[in-house]
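Pasted below: upload-v4.tsv, TSV, C-alpha atoms.
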chain	number	residue	atom	x	y	z
A	1	MET	CA	23.98	-8.95	1.15
A	2	GLU	CA	21.97	-11.90	2.27
A	3	ASN	CA	18.86	-12.21	0.25
A	4	VAL	CA	15.62	-14.09	0.67
A	5	ALA	CA	15.52	-15.02	-2.99
A	6	THR	CA	18.94	-16.60	-3.01
A	7	HIS	CA	18.77	-18.05	0.46
A	8	GLU	CA	19.30	-21.76	0.03
A	9	ASP	CA	17.17	-22.67	2.98
A	10	TRP	CA	14.41	-20.11	3.21
A	11	LYS	CA	12.65	-22.38	5.71
A	12	VAL	CA	15.27	-21.69	8.38
A	13	CYS	CA	14.95	-18.00	7.72
A	14	PHE	CA	11.16	-18.04	7.71
A	15	SER	CA	10.76	-20.28	10.75
A	16	GLU	CA	12.85	-17.82	12.77
A	17	LEU	CA	10.84	-14.84	11.63
A	18	ALA	CA	7.35	-16.27	11.37
A	19	PRO	CA	6.20	-16.04	15.02
A	20	GLY	CA	7.16	-12.38	15.18
A	21	LEU	CA	5.68	-11.64	11.77
A	22	VAL	CA	2.36	-13.26	12.68
A	23	LEU	CA	2.29	-11.50	16.04
A	24	PHE	CA	2.93	-8.21	14.27
A	25	ALA	CA	0.22	-8.87	11.67
A	26	ARG	CA	-2.29	-9.55	14.45
A	27	GLN	CA	-2.21	-5.83	15.22
A	28	TRP	CA	-4.48	-5.21	12.26
A	29	VAL	CA	-6.41	-8.35	11.48
A	30	GLY	CA	-8.89	-10.08	13.69
A	31	SER	CA	-7.88	-13.71	13.38
A	32	ALA	CA	-4.74	-15.82	13.37
A	33	ALA	CA	-5.72	-17.21	9.96
A	34	ASP	CA	-5.92	-13.72	8.44
A	35	ALA	CA	-2.60	-12.84	10.08
A	36	GLU	CA	-0.96	-15.88	8.48
A	37	ASP	CA	-2.40	-14.94	5.09
A	38	VAL	CA	-0.94	-11.47	5.49
A	39	VAL	CA	2.47	-12.86	6.46
A	40	GLN	CA	2.45	-15.25	3.51
A	41	ASP	CA	1.54	-12.45	1.11
A	42	ALA	CA	4.18	-10.09	2.49
A	43	PHE	CA	6.96	-12.69	2.61
A	44	VAL	CA	6.32	-13.81	-0.97
A	45	ARG	CA	6.26	-10.20	-2.15
A	46	PHE	CA	9.55	-9.67	-0.37
A	47	TRP	CA	11.03	-12.77	-1.95
A	48	ARG	CA	9.95	-11.79	-5.43
A	49	ARG	CA	11.69	-8.45	-5.16
A	50	ASN	CA	15.02	-9.91	-4.11
A	51	LEU	CA	15.12	-7.68	-1.07
A	52	SER	CA	17.65	-8.19	1.68
A	53	ILE	CA	16.33	-10.14	4.64
A	54	LYS	CA	18.53	-7.99	6.83
A	55	ASN	CA	16.32	-5.02	6.06
A	56	ARG	CA	13.87	-5.92	8.81
A	57	ALA	CA	12.21	-2.51	8.77
A	58	LEU	CA	11.21	-3.02	5.15
A	59	LEU	CA	10.03	-6.56	5.83
A	60	TYR	CA	7.75	-5.38	8.63
A	61	ALA	CA	6.61	-2.45	6.52
A	62	ALA	CA	5.64	-5.02	3.87
A	63	VAL	CA	3.63	-6.96	6.46
A	64	ARG	CA	1.89	-3.79	7.56
A	65	SER	CA	1.19	-2.86	3.95
A	66	ALA	CA	-0.19	-6.34	3.20
A	67	ALA	CA	-2.42	-6.17	6.28
A	68	LEU	CA	-3.83	-2.82	5.23
A	69	ASP	CA	-4.32	-4.12	1.66
A	70	LEU	CA	-6.29	-7.05	3.04
A	71	ILE	CA	-8.58	-4.68	4.85
A	72	ARG	CA	-8.95	-2.32	1.90
A	73	ARG	CA	-9.58	-4.77	-0.89
A	74	ASP	CA	-12.73	-6.10	0.66
A	75	THR	CA	-15.81	-4.84	-1.10
A	76	ARG	CA	-17.27	-3.83	2.22
A	77	ARG	CA	-14.19	-1.78	2.81
A	78	ALA	CA	-15.50	1.05	4.92
A	79	ARG	CA	-17.44	-1.17	7.29
A	80	ARG	CA	-14.62	-3.63	7.63
A	81	GLU	CA	-12.00	-0.95	8.26
A	82	ALA	CA	-14.17	0.48	10.99
A	83	GLU	CA	-14.58	-2.95	12.52
A	84	VAL	CA	-10.92	-3.87	12.26
A	85	PHE	CA	-9.57	-0.62	13.58
A	86	GLY	CA	-12.20	-0.65	16.29
A	87	ARG	CA	-11.11	-4.12	17.34
A	88	ALA	CA	-7.46	-3.15	17.04
A	89	GLU	CA	-8.04	-0.40	19.58
A	90	ARG	CA	-9.72	-2.67	22.03
A	91	SER	CA	-9.72	-6.37	21.77
A	92	VAL	CA	-7.12	-7.86	19.42
A	93	GLN	CA	-4.66	-9.59	21.69
A	94	PRO	CA	-1.24	-10.68	20.63
A	95	GLN	CA	-1.10	-14.43	20.75
A	96	PHE	CA	1.26	-15.95	23.28
A	97	GLU	CA	2.03	-19.45	24.42
A	98	GLN	CA	1.23	-20.99	27.80
A	99	LEU	CA	0.18	-18.09	29.94
A	100	ASP	CA	-0.08	-18.27	33.71
A	101	ASP	CA	-2.48	-16.03	35.63
A	102	SER	CA	0.01	-13.22	36.01
A	103	GLN	CA	0.88	-13.32	32.34
A	104	ARG	CA	-2.78	-13.32	31.35
A	105	GLU	CA	-3.16	-10.17	33.40
A	106	LEU	CA	-0.19	-8.66	31.60
A	107	VAL	CA	-1.66	-9.57	28.19
A	108	ALA	CA	-4.97	-8.02	29.21
A	109	ALA	CA	-3.10	-4.83	30.12
A	110	LEU	CA	-1.37	-4.97	26.74
A	111	ASP	CA	-4.74	-5.20	25.09
A	112	ARG	CA	-5.80	-1.96	26.70
A	113	LEU	CA	-2.95	-0.01	25.11
A	114	SER	CA	-3.65	2.20	22.13
A	115	ARG	CA	-2.85	0.64	18.77
A	116	ASP	CA	0.08	3.02	18.18
A	117	GLN	CA	1.68	2.15	21.51
A	118	ARG	CA	1.08	-1.60	21.24
A	119	GLU	CA	2.51	-1.63	17.71
A	120	VAL	CA	5.80	-0.12	18.88
A	121	LEU	CA	5.91	-2.33	21.96
A	122	VAL	CA	5.46	-5.50	19.90
A	123	MET	CA	8.19	-4.45	17.49
A	124	LYS	CA	10.60	-3.56	20.29
A	125	ILE	CA	10.03	-6.40	22.77
A	126	TRP	CA	9.27	-9.46	20.68
A	127	ILE	CA	10.73	-8.60	17.29
A	128	GLU	CA	13.68	-6.78	18.84
A	129	LEU	CA	13.87	-4.01	16.28
A	130	THR	CA	15.84	-0.88	17.08
A	131	PHE	CA	14.02	2.43	17.37
A	132	ALA	CA	15.60	3.41	14.05
A	133	GLU	CA	14.11	0.32	12.39
A	134	ILE	CA	10.72	0.87	14.03
A	135	ALA	CA	10.73	4.47	12.89
A	136	GLU	CA	11.55	3.42	9.33
A	137	ALA	CA	8.89	0.72	9.25
A	138	LEU	CA	6.15	2.96	10.60
A	139	GLY	CA	7.17	6.18	8.87
A	140	ILE	CA	7.62	8.07	12.13
A	141	SER	CA	10.62	9.70	13.82
A	142	GLN	CA	12.87	7.78	16.18
A	143	ASN	CA	11.87	10.13	18.98
A	144	THR	CA	8.22	9.37	18.38
A	145	ALA	CA	8.91	5.64	18.38
A	146	ALA	CA	10.85	5.91	21.64
A	147	SER	CA	8.15	8.08	23.21
A	148	ARG	CA	5.40	5.65	22.27
A	149	TYR	CA	7.43	2.83	23.77
A	150	ARG	CA	7.95	4.67	27.05
A	151	TYR	CA	4.29	5.69	27.25
A	152	ALA	CA	3.28	2.09	26.59
A	153	LEU	CA	5.49	0.81	29.40
A	154	ALA	CA	4.27	3.52	31.73
A	155	ALA	CA	0.67	2.64	30.96
A	156	LEU	CA	1.37	-1.05	31.56
A	157	LYS	CA	3.12	-0.34	34.80
A	158	LYS	CA	0.08	1.49	36.13
A	159	THR	CA	-2.09	-1.56	35.75
A	160	PHE	CA	0.38	-4.40	36.18
A	161	GLN	CA	2.83	-5.05	38.97
A	162	PRO	CA	5.44	-7.78	38.29
A	163	GLN	CA	5.29	-10.51	40.94
B	1	MET	CA	18.95	0.48	33.79
B	2	ASN	CA	15.61	2.16	33.59
B	3	ASP	CA	12.46	2.07	35.68
B	4	PHE	CA	10.87	-0.35	33.31
B	5	SER	CA	13.55	-3.06	33.20
B	6	GLU	CA	11.57	-5.44	35.40
B	7	LEU	CA	8.45	-4.94	33.31
B	8	GLU	CA	10.42	-5.41	30.11
B	9	SER	CA	11.80	-8.70	31.36
B	10	GLU	CA	8.27	-9.85	32.24
B	11	LEU	CA	7.12	-8.96	28.75
B	12	LYS	CA	10.02	-10.83	27.18
B	13	LYS	CA	8.99	-13.97	29.06
B	14	LEU	CA	5.84	-14.05	26.94
B	15	ARG	CA	6.57	-16.17	23.90
B	16	PRO	CA	4.67	-15.48	20.68
B	17	ALA	CA	2.63	-18.49	19.56
B	18	GLN	CA	4.02	-20.53	16.70
B	19	PRO	CA	2.14	-20.16	13.43
B	20	SER	CA	0.21	-23.13	12.13
B	21	ALA	CA	2.10	-25.96	10.46
B	22	GLY	CA	0.30	-25.25	7.22
B	23	LEU	CA	1.76	-21.77	6.88
B	24	MET	CA	5.24	-23.05	6.08
B	25	SER	CA	3.95	-25.31	3.31
B	26	ARG	CA	1.71	-22.58	1.90
B	27	VAL	CA	4.62	-20.14	1.75
B	28	GLY	CA	6.74	-22.84	0.15
B	29	SER	CA	4.12	-23.42	-2.53
B	30	ALA	CA	3.72	-19.71	-3.16
B	31	LEU	CA	7.48	-19.25	-3.49
B	32	ALA	CA	7.70	-22.20	-5.88
B	33	ASP	CA	4.86	-20.81	-7.97
B	34	ALA	CA	6.52	-17.40	-8.08
B	35	ARG	CA	9.80	-18.99	-9.14
B	36	GLU	CA	8.20	-21.00	-11.91
B	37	SER	CA	5.92	-18.41	-13.34
B	38	THR	CA	6.85	-14.80	-13.84
B	39	ALA	CA	3.45	-14.39	-15.40
B	40	LYS	CA	2.05	-14.21	-11.92
B	41	VAL	CA	3.62	-10.85	-11.32
B	42	ILE	CA	0.78	-8.42	-10.85
B	43	ARG	CA	0.98	-5.50	-13.20
B	44	PRO	CA	0.73	-2.13	-11.53
B	45	GLN	CA	-2.67	-0.56	-11.94
B	46	GLN	CA	-1.34	2.31	-13.99
B	47	PHE	CA	-0.31	0.00	-16.83
B	48	ARG	CA	-3.68	-1.67	-17.17
B	49	ILE	CA	-6.02	-0.45	-19.85
B	50	ASN	CA	-8.52	1.99	-18.48
B	51	TRP	CA	-11.47	1.18	-20.70
B	52	LEU	CA	-13.62	3.99	-19.37
B	53	GLY	CA	-10.89	6.55	-19.99
B	54	LEU	CA	-10.18	5.11	-23.41
B	55	GLY	CA	-13.84	5.25	-24.34
B	56	LEU	CA	-14.23	8.81	-23.17
B	57	GLY	CA	-11.05	9.77	-24.98
B	58	LEU	CA	-12.31	8.28	-28.24
B	59	ALA	CA	-15.64	10.03	-27.73
B	60	ALA	CA	-13.83	13.35	-27.30
B	61	ALA	CA	-11.78	12.69	-30.41
B	62	ALA	CA	-14.93	11.82	-32.38
B	63	THR	CA	-16.57	15.04	-31.16
B	64	PHE	CA	-13.58	16.99	-32.38
B	65	LEU	CA	-13.77	15.30	-35.77
B	66	ILE	CA	-17.43	16.20	-36.11
B	67	PHE	CA	-16.76	19.83	-35.25
B	68	ALA	CA	-13.86	19.97	-37.69
B	69	ARG	CA	-15.84	18.38	-40.51
B	70	VAL	CA	-19.04	20.38	-40.09
B	71	ASP	CA	-17.61	23.79	-39.43
B	72	PHE	CA	-14.31	24.09	-41.15
B	73	ARG	CA	-14.04	21.79	-44.08
B	74	PRO	CA	-15.80	21.44	-47.39
B	75	THR	CA	-17.85	18.29	-47.75
B	76	ASP	CA	-15.76	16.61	-50.39
B	77	LYS	CA	-14.01	14.30	-47.97
B	78	THR	CA	-16.53	12.50	-45.90
B	79	LYS	CA	-15.13	9.02	-45.65
B	80	GLN	CA	-12.61	8.67	-42.88
B	81	THR	CA	-11.83	5.68	-40.75
B	82	VAL	CA	-11.46	5.65	-37.00
B	83	ALA	CA	-7.99	4.13	-37.31
B	84	SER	CA	-6.74	7.21	-39.08
B	85	ALA	CA	-8.13	9.64	-36.54
B	86	THR	CA	-4.78	11.14	-35.56
B	87	PRO	CA	-3.47	11.76	-39.11
B	88	PHE	CA	-6.88	13.15	-40.00
B	89	LEU	CA	-6.68	15.60	-37.09
B	90	GLN	CA	-3.21	16.64	-38.19
B	91	GLN	CA	-4.43	17.20	-41.73
B	92	LYS	CA	-7.30	19.27	-40.44
B	93	ALA	CA	-5.04	21.32	-38.21
B	94	ALA	CA	-2.69	21.92	-41.12
B	95	ALA	CA	-5.65	22.99	-43.23
B	96	LEU	CA	-6.69	25.55	-40.64
B	97	PRO	CA	-3.71	27.87	-40.40
B	98	ASN	CA	-5.85	30.67	-39.04
B	99	TYR	CA	-6.69	28.76	-35.91
B	100	GLN	CA	-4.45	29.44	-32.99
B	101	ALA	CA	-4.29	27.57	-29.71
B	102	THR	CA	-5.45	29.97	-27.02
B	103	GLY	CA	-5.49	27.99	-23.82
B	104	LEU	CA	-5.43	24.82	-21.82
B	105	THR	CA	-7.48	24.48	-18.63
B	106	GLN	CA	-7.04	21.65	-16.17
B	107	VAL	CA	-9.65	21.17	-13.45
B	108	VAL	CA	-8.84	18.61	-10.74
B	109	TYR	CA	-12.05	17.12	-9.45
B	110	SER	CA	-10.80	14.10	-7.58
B	111	LYS	CA	-7.58	13.18	-5.81
B	112	ARG	CA	-7.38	9.86	-4.04
B	113	ASP	CA	-4.59	8.34	-1.96
B	114	GLU	CA	-4.61	4.62	-2.79
B	115	GLY	CA	-2.09	3.62	-0.16
B	116	LEU	CA	1.22	1.89	-0.39
B	117	VAL	CA	2.42	-0.12	-3.36
B	118	PHE	CA	5.61	-2.02	-3.94
B	119	SER	CA	6.89	-1.25	-7.40
B	120	PRO	CA	9.05	-3.84	-9.16
B	121	ASN	CA	12.75	-3.44	-8.36
B	122	ALA	CA	12.03	-0.61	-5.93
B	123	GLU	CA	13.94	-0.63	-2.66
B	124	ALA	CA	11.18	1.14	-0.78
B	125	PRO	CA	7.41	1.26	-1.07
B	126	SER	CA	5.64	4.19	-2.68
B	127	ARG	CA	2.38	5.92	-2.02
B	128	ARG	CA	0.04	5.88	-5.04
B	129	VAL	CA	-2.06	8.98	-5.63
B	130	ARG	CA	-4.68	8.96	-8.38
B	131	THR	CA	-5.78	12.33	-9.73
B	132	ALA	CA	-8.78	12.77	-12.01
B	133	LYS	CA	-8.87	15.91	-14.11
B	134	ARG	CA	-10.75	17.46	-16.98
B	135	GLU	CA	-8.68	19.22	-19.57
B	136	THR	CA	-10.08	21.73	-22.00
B	137	LEU	CA	-8.16	22.89	-25.09
B	138	ARG	CA	-9.24	26.03	-26.92
B	139	TRP	CA	-8.49	27.40	-30.37
B	140	ARG	CA	-9.51	30.69	-31.99
B	141	ASP	CA	-9.82	31.73	-35.59
B	142	ARG	CA	-7.74	34.88	-36.04
B	143	ARG	CA	-9.97	36.15	-38.87
B	144	SER	CA	-13.50	35.45	-37.74
B	145	GLY	CA	-12.98	35.14	-33.99
B	146	ALA	CA	-14.72	31.75	-34.00
B	147	GLN	CA	-13.66	29.55	-31.11
B	148	LEU	CA	-13.26	25.81	-30.80
B	149	ALA	CA	-12.98	23.94	-27.53
B	150	VAL	CA	-12.36	20.27	-26.82
B	151	SER	CA	-12.83	18.90	-23.34
B	152	TYR	CA	-11.90	15.44	-22.15
B	153	PRO	CA	-11.27	13.63	-18.85
B	154	THR	CA	-7.80	12.49	-17.85
B	155	GLU	CA	-6.47	10.39	-15.04
B	156	GLU	CA	-2.98	10.67	-13.59
B	157	VAL	CA	-1.28	8.24	-11.22
B	158	THR	CA	1.63	9.48	-9.16
B	159	LEU	CA	3.99	7.32	-7.11
B	160	ILE	CA	5.54	9.13	-4.17
B	161	PRO	CA	8.44	7.29	-2.51
B	162	VAL	CA	8.01	6.87	1.22
B	163	SER	CA	10.40	5.72	3.86
B	164	GLY	CA	9.39	2.37	5.26
B	165	GLN	CA	5.70	2.94	5.76
Go through the file and emit its structure as structure tokens.
Amino acid sequence: MENVATHEDWKVCFSELAPGLVLFARQWVGSAADAEDVVQDAFVRFWRRNLSIKNRALLYAAVRSAALDLIRRDTRRARREAEVFGRAERSVQPQFEQLDDSQRELVAALDRLSRDQREVLVMKIWIELTFAEIAEALGISQNTAASRYRYALAALKKTFQPQ
Amino acid sequence: MNDFSELESELKKLRPAQPSAGLMSRVGSALADARESTAKVIRPQQFRINWLGLGLGLAAAATFLIFARVDFRPTDKTKQTVASATPFLQQKAAALPNYQATGLTQVVYSKRDEGLVFSPNAEAPSRRVRTAKRETLRWRDRRSGAQLAVSYPTEEVTLIPVSGQ
């Protein structure tokens, strides 16, 4: 089993995963800086436990856990959770490179998805996890993961027409 | 092919932004620190000393000692040290053969889900649930019917394995 802890060049491994990890972390935290902190925390935790890098579901579960920890450990926990989850429902946009007008429209449509749907969509499209891995990472059934994905695409299709 | 293939291909054209250059070096430093110092491993909460619980426990033990001394023992032995509290209790219990344990009551007054934790060497995360209870032990003197009760708070932490989440 390939392992983060014994990987001779963790930089190669991390540089491949980092954009997806940060994009995933942005689902919960409001800024890119916070998302990077979350990714750092989760990756180091993963490394310390000698977990297999091939277990992507567990890696993304660790990111999700670290993001929720970040929210919770603040002394103004209740207020911050309300703010963060409120933003997550409405205005936290995944960060993408070099968008044209059509793509900006698509990202805006993405932003209007519910957090549950956007979470599954991000994991499926950009991180390329299987529904089984998504289900494991989120603690839901594969059918639920697949349904959320289809509903997300259907919702996007209503508001965005590919050119 | 499904109805969404065109939309999926449009989505895949969006490329996630690269993280900042500093992230790689920060992760590198954190990994190096972790490698060099195992002392940085954070101990799970349940193994830290709960000073409040310890204090309340000692207070309950002291209360029990006072009851035992005043009510059930002659006054010839009045000098006891805190460090010998447990042997002292055992001596007292042995000296009170007529007293019989009659019940234990546990009242749960708080149960809190503290979220996911990653235990050392665990393959999967666990959900940590903290339960606060008050336990009351009762004894009864078979001859006189006199009753003795000791009540003290307890805290229990349970780790429930979860799949992925």
Check: CA of Ala146 in chain B and CA of Leu65 in chain B, how far apart in Å?
Finding: 16.6 Å
Next item on the list: Using all atoms listed in the file, find which residues of chain B lie within 9 Å of chain A and jot them down as an MDAnalysis selection string.
Entry: chainID B and resid 4 6:8 10:20 23:24 26:28 30:31 34:35 41 115:125 162:165
Check: Rounded to one decimal in Å, what is the spacing between CA of Trp28 in chain A and CA of Ala132 in chain A?
Finding: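 Going from CA of Trp28 in chain A over to CA of Ala132 in chain A covers 21.9 Å.
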Margin query: One number please: CA of Gly145 in chain B to CA of Ala59 in chain B, in Å, one decimal.
Written below: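 Separation between CA of Gly145 in chain B and CA of Ala59 in chain B: 26.0 Å.
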Checklist line | Protein and nucleic acid residues near (-14.5, 31.5, -30.1) (cut-off 12 Å, only C-alpha atoms) as a list in words | finding: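 Residues lying no farther than 12 Å from the given point: Tyr99, Gln100, Ala101, Thr102, Gly103, Leu137, Arg138, Trp139, Arg140, Asp141, Arg142, Arg143, Ser144, Gly145, Ala146, Gln147, Leu148, Ala149 and Val150 of chain B.
Considering only C-alpha atoms, the residue among B:Thr136, B:Trp51, B:Asp3, B:Ser126 positioned nearest to Glu114 in chain B is B:Ser126.
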Item checked: Nearby residues, (-16.4, 13.8, -18.1) file frame, 10 Å, only C-alpha atoms, as a list in words ->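 The distance filter leaves exactly Gly53, Leu56, Gly57, Ala60, Ala132, Lys133, Arg134, Glu135, Ser151, Tyr152, Pro153 and Thr154 of chain B.
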